[in-house]
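Structure data (mmCIF, C-alpha atoms and all ligand atoms) from query-v6.cif:
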```
data_start
loop_
_atom_site.label_atom_id
_atom_site.label_comp_id
_atom_site.auth_asym_id
_atom_site.auth_seq_id
_atom_site.Cartn_x
_atom_site.Cartn_y
_atom_site.Cartn_z
CA MET A 1 32.44 -1.46 -6.57
CA LYS A 2 32.31 -5.02 -5.24
CA TYR A 3 28.92 -6.46 -4.28
CA ALA A 4 27.94 -9.38 -2.07
CA VAL A 5 24.25 -10.33 -2.23
CA TYR A 6 22.72 -12.56 0.43
CA GLN A 7 20.12 -14.93 -1.01
CA MET A 8 18.82 -16.22 2.30
CA ASP A 9 16.06 -18.27 3.84
CA ILE A 10 14.18 -16.47 6.64
CA VAL A 11 13.04 -17.81 10.00
CA ALA A 12 9.35 -16.80 10.09
CA GLY A 13 8.43 -14.36 12.86
CA ASN A 14 11.81 -14.45 14.61
CA PRO A 15 13.74 -11.16 14.13
CA GLU A 16 16.33 -12.10 16.74
CA LYS A 17 17.29 -15.32 14.94
CA ASN A 18 17.37 -13.59 11.55
CA ARG A 19 19.59 -10.76 12.82
CA LYS A 20 21.97 -13.36 14.27
CA LYS A 21 21.96 -15.22 10.96
CA VAL A 22 22.73 -12.04 9.00
CA LYS A 23 25.50 -11.10 11.44
CA THR A 24 27.16 -14.51 11.01
CA TRP A 25 26.86 -14.25 7.21
CA LEU A 26 28.31 -10.73 7.23
CA GLU A 27 31.24 -11.70 9.44
CA THR A 28 32.11 -14.50 7.02
CA VAL A 29 31.55 -12.63 3.76
CA VAL A 30 33.44 -9.55 4.87
CA THR A 31 36.49 -11.66 5.69
CA THR A 32 36.38 -13.94 2.66
CA GLU A 33 35.14 -11.62 -0.11
CA LYS A 34 35.90 -8.09 1.15
CA PRO A 35 32.84 -6.48 -0.53
CA ASP A 36 32.23 -2.71 -0.58
CA ILE A 37 28.49 -3.18 -0.39
CA VAL A 38 26.12 -5.95 0.69
CA VAL A 39 22.45 -6.53 -0.14
CA LEU A 40 19.73 -8.26 1.93
CA PRO A 41 16.19 -9.32 0.83
CA GLU A 42 12.72 -7.98 1.61
CA MET A 43 11.18 -8.40 5.11
CA TRP A 44 14.20 -10.43 6.19
CA THR A 45 13.66 -10.04 9.93
CA THR A 46 10.14 -11.53 9.96
CA ALA A 47 9.14 -12.98 6.56
CA TYR A 48 5.45 -12.47 5.70
CA THR A 49 4.13 -13.01 9.25
CA LEU A 50 1.70 -10.16 8.68
CA SER A 51 -0.87 -11.30 11.24
CA GLN A 52 1.82 -11.04 13.97
CA LEU A 53 3.07 -7.55 13.14
CA GLU A 54 2.30 -6.16 16.61
CA GLU A 55 4.81 -8.62 18.07
CA VAL A 56 7.47 -8.85 15.36
CA ALA A 57 7.66 -5.45 13.58
CA ASP A 58 10.37 -2.92 14.32
CA CYS A 59 9.30 0.42 15.84
CA ASP A 60 10.59 3.32 13.75
CA GLY A 61 13.26 1.02 12.30
CA GLU A 62 14.50 -0.19 15.68
CA LEU A 63 16.13 -2.64 16.42
CA THR A 64 17.28 -3.27 12.87
CA VAL A 65 18.62 0.18 12.02
CA SER A 66 21.01 0.27 14.99
CA PHE A 67 21.98 -3.36 14.36
CA LEU A 68 22.93 -2.58 10.72
CA GLN A 69 24.59 0.73 11.67
CA GLN A 70 26.92 -1.06 14.06
CA ILE A 71 27.83 -3.69 11.47
CA ALA A 72 28.42 -1.06 8.77
CA LYS A 73 30.84 0.79 11.08
CA ASP A 74 32.56 -2.32 12.39
CA TYR A 75 33.26 -3.65 8.90
CA CYS A 76 33.36 -0.39 6.96
CA ILE A 77 30.80 -1.55 4.39
CA HIS A 78 27.72 -0.04 2.78
CA ILE A 79 24.53 -1.98 3.46
CA ILE A 80 21.44 -2.15 1.27
CA GLY A 81 19.56 -3.46 4.26
CA GLY A 82 16.66 -5.15 2.49
CA SER A 83 13.39 -4.20 4.12
CA VAL A 84 11.72 -4.72 7.48
CA ALA A 85 8.19 -4.64 8.84
CA ASN A 86 8.13 -1.25 10.54
CA GLN A 87 5.57 0.29 12.89
CA LYS A 88 5.37 4.08 12.68
CA GLU A 89 2.90 6.92 12.29
CA GLY A 90 0.01 4.71 13.38
CA GLY A 91 0.56 1.99 10.76
CA PHE A 92 2.82 -0.79 9.61
CA TYR A 93 5.10 -0.18 6.61
CA ASN A 94 7.45 -2.33 4.54
CA SER A 95 10.52 -0.11 4.96
CA ALA A 96 13.79 -0.52 3.07
CA LEU A 97 17.01 0.76 4.66
CA VAL A 98 20.32 2.00 3.24
CA ILE A 99 23.23 2.50 5.61
CA ASP A 100 26.63 3.77 4.54
CA GLN A 101 30.02 2.63 5.79
CA ASN A 102 30.04 5.34 8.49
CA GLY A 103 26.85 3.92 9.94
CA THR A 104 24.64 6.73 8.63
CA LEU A 105 21.10 5.87 7.55
CA VAL A 106 21.30 7.59 4.16
CA TYR A 107 17.94 6.51 2.79
CA GLN A 108 14.72 4.91 3.93
CA TYR A 109 12.03 3.92 1.46
CA ASP A 110 8.55 2.68 2.37
CA LYS A 111 7.16 0.27 -0.25
CA ILE A 112 4.70 2.21 -2.38
CA HIS A 113 2.96 -0.62 -4.25
CA LEU A 114 1.50 -3.12 -1.79
CA VAL A 115 1.13 -6.60 -3.24
CA PRO A 116 -2.45 -7.97 -3.19
CA MET A 117 -1.29 -11.54 -3.90
CA LEU A 118 0.47 -11.68 -0.49
CA ASP A 119 -2.27 -9.75 1.37
CA GLU A 120 -0.13 -6.69 2.05
CA PRO A 121 -2.94 -4.13 1.57
CA ARG A 122 -4.88 -5.76 4.44
CA TYR A 123 -2.05 -5.33 6.96
CA LEU A 124 0.31 -2.63 5.67
CA THR A 125 0.14 1.05 4.78
CA GLY A 126 1.64 2.07 1.44
CA GLY A 127 4.59 4.47 1.44
CA LYS A 128 3.64 8.15 1.12
CA GLN A 129 7.09 9.61 0.42
CA LYS A 130 8.40 9.92 -3.13
CA ALA A 131 11.06 7.39 -4.13
CA GLU A 132 14.42 9.16 -4.51
CA VAL A 133 17.95 8.38 -5.62
CA PHE A 134 20.64 8.20 -2.96
CA GLU A 135 24.43 8.19 -3.19
CA LEU A 136 27.05 5.77 -1.94
CA ASN A 137 30.71 6.56 -2.75
CA GLY A 138 29.45 9.35 -5.03
CA VAL A 139 27.43 6.87 -7.17
CA LYS A 140 23.73 7.57 -7.64
CA MET A 141 21.53 4.55 -6.93
CA GLY A 142 17.90 3.51 -6.55
CA LEU A 143 16.07 0.98 -4.42
CA ILE A 144 12.70 -0.66 -4.98
CA ILE A 145 10.87 -3.47 -3.21
CA CYS A 146 9.65 -6.59 -5.00
CA TYR A 147 6.16 -5.84 -6.49
CA ASP A 148 7.50 -2.32 -7.34
CA LEU A 149 9.43 -4.08 -10.13
CA ARG A 150 6.16 -4.34 -12.08
CA PHE A 151 5.87 -0.54 -12.32
CA PRO A 152 8.36 0.61 -14.99
CA GLU A 153 7.62 4.29 -14.36
CA LEU A 154 9.16 4.04 -10.89
CA ALA A 155 12.47 2.61 -12.15
CA ARG A 156 12.45 5.13 -15.03
CA LYS A 157 12.03 8.04 -12.59
CA LEU A 158 15.09 6.87 -10.65
CA ALA A 159 17.08 6.41 -13.88
CA LEU A 160 16.12 9.92 -15.03
CA GLU A 161 17.42 11.24 -11.71
CA GLY A 162 20.77 9.62 -12.47
CA ALA A 163 20.65 6.17 -10.86
CA GLN A 164 23.39 3.92 -12.22
CA VAL A 165 22.41 0.94 -10.08
CA LEU A 166 18.88 -0.21 -9.23
CA HIS A 167 18.56 -2.50 -6.20
CA VAL A 168 15.55 -4.80 -5.91
CA VAL A 169 14.92 -6.43 -2.53
CA ALA A 170 12.33 -9.17 -2.72
CA GLU A 171 10.27 -12.07 -1.47
CA TRP A 172 9.09 -13.06 -4.95
CA PRO A 173 7.13 -16.31 -5.18
CA SER A 174 8.13 -19.20 -7.45
CA ALA A 175 4.64 -19.20 -8.99
CA ARG A 176 5.65 -16.09 -10.99
CA LYS A 177 9.38 -16.69 -11.32
CA ASN A 178 9.49 -16.07 -15.08
CA HIS A 179 8.07 -12.56 -14.41
CA TRP A 180 10.79 -12.02 -11.78
CA LYS A 181 13.60 -12.87 -14.18
CA THR A 182 12.17 -11.11 -17.23
CA LEU A 183 11.19 -7.89 -15.46
CA GLN A 184 14.65 -7.51 -13.91
CA LEU A 185 16.24 -7.86 -17.34
CA ALA A 186 13.75 -5.39 -18.80
CA ARG A 187 14.42 -2.76 -16.10
CA ALA A 188 18.19 -3.10 -16.67
CA ILE A 189 17.97 -2.86 -20.47
CA GLU A 190 15.35 -0.09 -20.77
CA ASN A 191 17.03 2.09 -18.13
CA GLN A 192 20.61 1.20 -19.06
CA LEU A 193 21.73 0.59 -15.52
CA PHE A 194 22.90 -2.27 -13.30
CA VAL A 195 20.22 -4.25 -11.49
CA VAL A 196 21.28 -5.93 -8.25
CA SER A 197 18.62 -8.02 -6.53
CA SER A 198 18.27 -10.15 -3.44
CA ASN A 199 15.32 -12.54 -3.29
CA ARG A 200 14.68 -15.02 -0.50
CA ILE A 201 14.44 -18.78 -0.92
CA GLY A 202 12.37 -21.29 1.08
CA HIS A 203 8.65 -21.24 1.89
CA TYR A 204 6.18 -19.68 4.25
CA ASP A 205 2.44 -20.29 4.64
CA GLY A 206 2.14 -22.42 1.50
CA VAL A 207 4.15 -20.03 -0.71
CA ASP A 208 7.47 -21.09 -2.30
CA PHE A 209 9.93 -18.30 -3.01
CA ALA A 210 11.95 -18.13 -6.20
CA GLY A 211 15.52 -17.20 -5.20
CA THR A 212 17.25 -16.37 -8.50
CA SER A 213 18.79 -13.20 -7.12
CA MET A 214 20.67 -11.41 -9.89
CA ILE A 215 23.42 -9.01 -10.80
CA ILE A 216 22.70 -7.72 -14.32
CA ASP A 217 24.72 -5.24 -16.36
CA PRO A 218 23.21 -2.34 -18.37
CA TRP A 219 23.35 -4.43 -21.58
CA GLY A 220 21.11 -7.03 -19.95
CA ASN A 221 23.89 -9.57 -19.44
CA VAL A 222 23.47 -11.60 -16.27
CA ILE A 223 26.78 -11.31 -14.40
CA LYS A 224 25.66 -13.55 -11.52
CA THR A 225 22.49 -15.39 -10.64
CA GLY A 226 21.44 -17.47 -7.65
CA SER A 227 19.74 -20.87 -7.67
CA GLU A 228 16.00 -21.23 -7.05
CA ASP A 229 16.29 -23.11 -3.79
CA ARG A 230 19.64 -22.71 -2.01
CA GLU A 231 21.08 -20.10 0.28
CA GLU A 232 23.92 -18.45 -1.61
CA THR A 233 26.14 -15.41 -1.79
CA LEU A 234 26.47 -13.69 -5.16
CA VAL A 235 29.73 -11.77 -5.46
CA ALA A 236 30.68 -9.48 -8.34
CA GLU A 237 32.56 -6.29 -9.13
CA ILE A 238 30.39 -4.03 -11.26
CA PRO A 239 32.12 -1.95 -13.93
CA LEU A 240 30.17 1.29 -13.50
CA GLU A 241 31.75 2.89 -16.59
CA GLN A 242 29.48 0.64 -18.69
CA VAL A 243 26.53 2.89 -17.82
CA ALA A 244 28.01 5.98 -19.51
CA GLN A 245 29.24 3.84 -22.41
CA ILE A 246 25.88 2.26 -23.27
CA ARG A 247 24.09 5.59 -22.86
CA LYS A 248 26.52 6.96 -25.47
CA ASP A 249 26.30 3.96 -27.83
CA VAL A 250 22.51 3.49 -27.60
CA PRO A 251 21.28 6.96 -26.61
CA VAL A 252 17.70 6.18 -25.59
CA PHE A 253 17.61 8.92 -22.96
CA ALA A 254 18.54 11.51 -25.59
CA SER A 255 15.92 10.03 -27.99
CA ARG A 256 12.98 10.24 -25.58
CA VAL A 257 10.06 12.50 -26.57
CA PRO A 258 8.08 12.53 -23.31
CA GLU A 259 5.90 15.48 -24.31
CA LEU A 260 4.26 13.18 -26.92
CA TYR A 261 3.41 10.36 -24.53
N1 LIG B 1 6.73 -9.46 -2.06
C1 LIG B 1 6.21 -9.04 -3.19
O1 LIG B 1 6.05 -7.86 -3.43
C2 LIG B 1 5.79 -10.12 -4.16
C3 LIG B 1 5.48 -9.61 -5.55
C4 LIG B 1 4.79 -10.62 -6.38
O2 LIG B 1 4.41 -11.68 -5.90
C5 LIG B 1 4.54 -10.35 -7.79
O3 LIG B 1 4.73 -9.20 -8.23
O4 LIG B 1 4.13 -11.28 -8.51
#
```

Write the structure described by the file as structure tokens, please.
Amino acid sequence: MKYAVYQMDIVAGNPEKNRKKVKTWLETVVTTEKPDIVVLPEMWTTAYTLSQLEEVADCDGELTVSFLQQIAKDYCIHIIGGSVANQKEGGFYNSALVIDQNGTLVYQYDKIHLVPMLDEPRYLTGGKQKAEVFELNGVKMGLIICYDLRFPELARKLALEGAQVLHVVAEWPSARKNHWKTLQLARAIENQLFVVSSNRIGHYDGVDFAGTSMIIDPWGNVIKTGSEDREETLVAEIPLEQVAQIRKDVPVFASRVPELY
């Protein structure tokens, strides 16, 4: 399975410009790299313009869902569509989207853990649905959003349900960039799966974002990593058979004794 990750800067509060930007990137990357699956960052249509949500948020995933569905069909690619500010059920959510190559919305996940350091609890409602695994090309996968990375029990639940790849879509600040790198490696190693992340670069409202998007194998080897401050595309094939191999060689799932902890 060949990945292309977009480590992008985001135009604050301008969904139209960001959709255009993503469309241009996709048109180029699909032609030059021919990926099976692409990954976008967190809140990529708006950035953290939380005080303007009434004006900039999607309504029930629109317009972004139909925009990504059309692209997925046109280019026959799977899209881990990052997340968008999303107005529904009387609140605003940070909703991540997964669209398959037929244009079907196969999974939507509303961020469960709202991040106090970026004021999310003041403006957003936390997700109420359980996080689940989803399948693309018959491969079980998981998806979490940024601050969720700090909660190992969430990634472990997805791994126990069979996820072989964990996607992390993020707007992680530079102030805590060593946490960003270390926690991604930890989630990959402890759960023996691939971690594929897309983090934004640039700044908004006095916050610098850390970039350093990553593709990590289940041994904790970094296959690809982005810079801290440049827009980039990370491209890599991931050898999925490594997941079964490491789980055989280092059988931590078989060694667990959850009834004692
Ligand atoms: N967008 C986020 O969830 C940021 C998370 C963060 O700043 C942290 O965990 O530290």

List as a compact mmCIF listing (two decimals) with C-alpha atoms, in the frame of the given file the residues having at least one atom at most 12 Å from position (30.7, 0.9, -15.8) as given in the file, counting all atoms listed in the file.
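Contents of selection_14.txt, as written:
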```txt
# COMPACT_ATOMS: atom_id res chain seq x y z
CA MET A 1 32.44 -1.46 -6.57
CA VAL A 139 27.43 6.87 -7.17
CA GLN A 164 23.39 3.92 -12.22
CA VAL A 165 22.41 0.94 -10.08
CA GLN A 192 20.61 1.20 -19.06
CA LEU A 193 21.73 0.59 -15.52
CA PHE A 194 22.90 -2.27 -13.30
CA ILE A 216 22.70 -7.72 -14.32
CA ASP A 217 24.72 -5.24 -16.36
CA PRO A 218 23.21 -2.34 -18.37
CA TRP A 219 23.35 -4.43 -21.58
CA GLU A 237 32.56 -6.29 -9.13
CA ILE A 238 30.39 -4.03 -11.26
CA PRO A 239 32.12 -1.95 -13.93
CA LEU A 240 30.17 1.29 -13.50
CA GLU A 241 31.75 2.89 -16.59
CA GLN A 242 29.48 0.64 -18.69
CA VAL A 243 26.53 2.89 -17.82
CA ALA A 244 28.01 5.98 -19.51
CA GLN A 245 29.24 3.84 -22.41
CA ILE A 246 25.88 2.26 -23.27
CA ARG A 247 24.09 5.59 -22.86
```

query: Which residues form the shell of 10 Å around ligand LIG 1 (chain B) when you count only C-alpha atoms and all ligand atoms, given as number ranges by chain?
result: A: 41-43, 47-48, 94, 111, 113-120, 144-151, 169-180, 183, 199-200, 207, 209-210

message: Can you tell me which residues surround Val98 in chain A at a distance of at most 6 Å, considering all atoms listed in the file, apart from same-chain residues fewer than 3 positions away, and format the answer as number ranges by chain?
response: A: 79-81, 105-107

query: Expressed in Å to a single decimal, how great is the separation between CA of Asp100 in chain A and CA of Thr28 in chain A?
result: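 For CA of Asp100 in chain A relative to CA of Thr28 in chain A, the distance reads 19.2 Å.
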
field: Residues near range 71-75 of chain A, cut-off 8 Å, all atoms listed in the file, skip fewer than 4 positions along chain, as a list in words
entry: Lys23, Val30, Phe67, Ile79, Ile99, Asp100, Gln101, Asn102 and Gly103 of chain A

Which residue of A:Pro15, A:Ala85, A:Ala4, A:Asp9 approaches Thr32 in chain A most closely, using all atoms listed in the file: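 Going through A:Pro15, A:Ala85, A:Ala4, A:Asp9 one by one, the smallest distance to Thr32 in chain A is for A:Ala4.
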
- prompt: Distance CA of Met214 in chain A-CA of Val133 in chain A, one decimal place?
  reply: 20.4 Å

Padding 5 Å on each side, edges along x, y and z: where is the centre of the box around the listed atoms of range 40-47 of chain A, and how long are its edges in Å to one decimal? Output it as JSON.
```
{"center_x": 14.4, "center_y": -10.5, "center_z": 5.4, "size_x": 20.6, "size_y": 15.0, "size_z": 19.1}
```

- prompt: Quick one: distance from CA of Glu153 in chain A to CA of Gln184 in chain A in Å, one decimal?
  reply: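 Computed distance, CA of Glu153 in chain A to CA of Gln184 in chain A, equals 13.7 Å.
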
field: Which residue of A:Leu234, A:Leu260, A:Ile223, A:Leu26 approaches Gly211 in chain A most closely, using only C-alpha atoms
entry: A:Leu234

- request: Determine, counting all atoms listed in the file, which protein, DNA and RNA residues have an atom within 9 Å of an atom of Leu166 in chain A; residues of the same chain fewer than 2 positions away are not included. Present the result as an NGL selection string.
  value: :A and (141-144 or 155 or 158-159 or 163-164 or 168 or 187-188 or 193-197)

Just write the chosen residues, C-alpha atoms, as an mmCIF file, in the frame of the given file.
```cif
data_model
loop_
_atom_site.group_PDB
_atom_site.id
_atom_site.type_symbol
_atom_site.label_atom_id
_atom_site.label_comp_id
_atom_site.auth_asym_id
_atom_site.auth_seq_id
_atom_site.Cartn_x
_atom_site.Cartn_y
_atom_site.Cartn_z
ATOM 1 C CA MET A 141 21.530 4.550 -6.930
ATOM 2 C CA GLY A 142 17.900 3.510 -6.550
ATOM 3 C CA LEU A 143 16.070 0.980 -4.420
ATOM 4 C CA ILE A 144 12.700 -0.660 -4.980
ATOM 5 C CA ALA A 155 12.470 2.610 -12.150
ATOM 6 C CA LEU A 158 15.090 6.870 -10.650
ATOM 7 C CA ALA A 159 17.080 6.410 -13.880
ATOM 8 C CA ALA A 163 20.650 6.170 -10.860
ATOM 9 C CA GLN A 164 23.390 3.920 -12.220
ATOM 10 C CA VAL A 168 15.550 -4.800 -5.910
ATOM 11 C CA ARG A 187 14.420 -2.760 -16.100
ATOM 12 C CA ALA A 188 18.190 -3.100 -16.670
ATOM 13 C CA LEU A 193 21.730 0.590 -15.520
ATOM 14 C CA PHE A 194 22.900 -2.270 -13.300
ATOM 15 C CA VAL A 195 20.220 -4.250 -11.490
ATOM 16 C CA VAL A 196 21.280 -5.930 -8.250
ATOM 17 C CA SER A 197 18.620 -8.020 -6.530
#
```

field: Residue with smallest distance to Phe134 in chain A - pool A:Gly162, A:Gly220, A:Gly91, A:Pro258, counting only C-alpha atoms
entry: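 The shortest atom-to-atom distance to Phe134 in chain A comes from A:Gly162.
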